[in-house]
Amino acid sequence: MSIPLKFRPDGTFTIVQFTDLHVGGGKDEEDARTLALTERIIEAEQPDLIVYSGDMLYGKEVEQPIAVLRRIAAVPERRQVPFAVIFGNHDAESSATREQLLEGIAACRLSISESGPMDIHGVGNYSLTVKSSADSSDAALLYLFDSGDMAPASIGGYAWIRPDQVDWYRRESLRYHQQNGSPLPSLAFFHIPIPEYKEAWESGQASGIRHEAVCCPRLNSGLFTAMAEKGDVMGAFAGHDHDNDYVGVLHGIRLGYGRVTGYGGYGTLQRGARVIRLLEGQHRFQTWIRLDDGSVARYEHSV
């Protein structure tokens, strides 16, 4: 379904990133707490868009994955907020494939999720434009990537964003550049952090919490290099590592984590969500974390 995304008259566009909900593992009380938290955060932040950045489902323990996914989606539907989905390494571990999961939420009125090109790796590589507050011109751009699940056994560890996906990003970036006369201020979302997250933490311009090692792929397929060369992506946001929430700056791009949202997964961090506010006409954004007690955590990280 085509739902236009648009800057507000005050020049802001607010995104709430929910990540690692891990719903559906048979722990009804934890699931209820997780979904109630998403509703409270939506009420508090009044976002223009919600991004679910993977591992919405509790993997192999989910008996009815599509039904659980629709239960998650019922929260933004009830709150009248458009939402976009990308998958993590656990979502398709049950009885439904990525394709089936995406089809399962296609009927949701406010879903703007897309399967993306069929001739590249992954399900859910797509871009979303945010229109100007004044007219229908493009003012900002969001890239969403399927970062896969596990690497082949011969390599081990987690999957990587494949070169054909990076090529797709380059083409999309060029297309919007040509259409608009200059690169659009952009953000990227994927579930598994890319290898540069390690360097971003060590850059001296990182702030937030790092309580576990960066669980990134062992191979580097060049997505960060492509983003740096194209000059449109201001920041990229991942999930996956429940005990990290930091944002670091590397070559002018902010690489950040969301805040783990679900009570059913591992980790000691207080549950919450990352909030990102785009500013129309500016190549910068504001970001903070809304916690489950209603408080806000703000970390300083300059570009």
# chains A, B, ... in the order shown; residues from 1 in each chain; ligands from 1
>>> residues_around(residues="region 199-211 of chain A", least_positions_apart="5", cutoff="6 Å", atoms="only C-alpha atoms", output="PyMOL selection string")
chain A and resi 243-250+299
>>> residues_around(residues="region 137-141 of chain A", least_positions_apart="3", cutoff="7 Å", atoms="only C-alpha atoms", output="PDB file with C-alpha atoms, in the first residue's frame")
ATOM      1  CA  SER A 127      13.769   2.738  -0.158  1.00  0.00           C
ATOM      2  CA  LEU A 128      11.189   5.180   1.180  1.00  0.00           C
ATOM      3  CA  THR A 129      11.051   8.876   0.384  1.00  0.00           C
ATOM      4  CA  VAL A 130       9.945  11.565   2.812  1.00  0.00           C
ATOM      5  CA  LYS A 131       8.256  14.452   1.023  1.00  0.00           C
ATOM      6  CA  SER A 132       8.723  18.139   1.699  1.00  0.00           C
ATOM      7  CA  LEU A 184      19.061  13.470  -0.462  1.00  0.00           C
ATOM      8  CA  PRO A 185      19.683  13.441   3.308  1.00  0.00           C
ATOM      9  CA  SER A 186      19.297   9.749   4.079  1.00  0.00           C
ATOM     10  CA  LEU A 187      19.235   7.118   6.803  1.00  0.00           C
ATOM     11  CA  GLU A 280      13.895  19.232   6.747  1.00  0.00           C
ATOM     12  CA  GLY A 281      16.501  20.857   4.525  1.00  0.00           C
TER      13      GLY A 281
END
>>> closest_residue(among="A:Thr287, A:Ser133, A:Asn220, A:Ser154", to="Asp10 (chain A)", atoms="only C-alpha atoms")
A:Ser133
>>> atom_distance(atom1="CA of Lys27 (chain A)", atom2="CA of Gly148 (chain A)")
25.9 Å
>>> closest_residue(among="A:Leu35, A:Ile161, A:Leu278, A:Ala236", to="Tyr263 (chain A)", atoms="only C-alpha atoms")
A:Leu35
>>> residues_around(residues="Ala188 (chain A)", least_positions_apart="4", cutoff="6 Å", atoms="only C-alpha atoms", output="list in words")
Leu142, Tyr143, Leu144 and Ala236 of chain A
>>> atom_distance(atom1="CA of Val62 (chain A)", atom2="CA of Leu102 (chain A)")
16.1 Å
>>> select_by_dssp(residues="region 9-232 of chain A", states="strand (DSSP E or B)", output="ChimeraX atom specification")
/A:12-19,23,49-53,57,83-86,111,126-131,138-144,150,158,186-189,207,210
>>> write_last_selection(atoms="C-alpha atoms", output="compact mmCIF listing (two decimals), in the first residue's frame")
# COMPACT_ATOMS: atom_id res chain seq x y z
CA THR A 12 10.39 17.58 11.49
CA PHE A 13 9.88 13.90 10.72
CA THR A 14 10.12 11.50 13.66
CA ILE A 15 10.95 7.80 13.44
CA VAL A 16 10.70 5.29 16.29
CA GLN A 17 12.94 2.25 15.85
CA PHE A 18 11.73 -0.87 17.64
CA THR A 19 14.21 -3.73 17.56
CA VAL A 23 7.63 -11.98 20.69
CA LEU A 49 6.93 6.33 11.07
CA ILE A 50 7.84 3.16 12.96
CA VAL A 51 10.70 0.95 11.78
CA TYR A 52 10.84 -2.61 13.12
CA SER A 53 14.49 -3.46 12.56
CA LEU A 57 9.72 -13.00 16.47
CA PHE A 83 5.28 1.14 9.82
CA ALA A 84 8.10 -0.52 7.87
CA VAL A 85 9.60 -3.93 8.57
CA ILE A 86 12.98 -5.52 7.93
CA SER A 111 2.28 -1.32 6.42
CA TYR A 126 13.64 -1.04 -0.35
CA SER A 127 13.77 2.74 -0.16
CA LEU A 128 11.19 5.18 1.18
CA THR A 129 11.05 8.88 0.38
CA VAL A 130 9.95 11.56 2.81
CA LYS A 131 8.26 14.45 1.02
CA ASP A 138 11.52 14.52 -2.20
CA ALA A 139 13.16 15.90 0.95
CA ALA A 140 14.75 12.84 2.59
CA LEU A 141 15.28 9.16 1.94
CA LEU A 142 15.29 5.95 3.98
CA TYR A 143 17.09 2.78 2.88
CA LEU A 144 16.08 -0.55 4.40
CA MET A 150 23.76 -16.93 9.16
CA TYR A 158 26.54 -13.99 10.68
CA SER A 186 19.30 9.75 4.08
CA LEU A 187 19.23 7.12 6.80
CA ALA A 188 19.82 3.37 6.52
CA PHE A 189 18.39 0.53 8.61
CA SER A 207 28.68 7.68 23.12
CA ARG A 210 28.72 -1.10 24.73
>>> residues_around(residues="Ser295 (chain A)", least_positions_apart="2", cutoff="12 Å", atoms="only C-alpha atoms", output="NGL selection string")
:A and (40-41 or 44-45 or 270-273 or 288-293 or 297-298)
>>> residues_around(residues="Gly231 (chain A)", least_positions_apart="6", cutoff="12 Å", atoms="only C-alpha atoms", output="number ranges by chain")
A: 170, 173-174, 177, 182-187, 224-225, 251-253, 283
>>> residues_around(residues="region 70-78 of chain A", least_positions_apart="6", cutoff="8 Å", atoms="only C-alpha atoms", output="count of residues only")
11
>>> atom_distance(atom1="CA of Leu37 (chain A)", atom2="CA of Ala238 (chain A)")
19.6 Å
>>> residues_around(residues="Cys215 (chain A)", least_positions_apart="5", cutoff="10 Å", atoms="only C-alpha atoms", output="ChimeraX atom specification")
/A:157-158,192-195,197-198,240-241
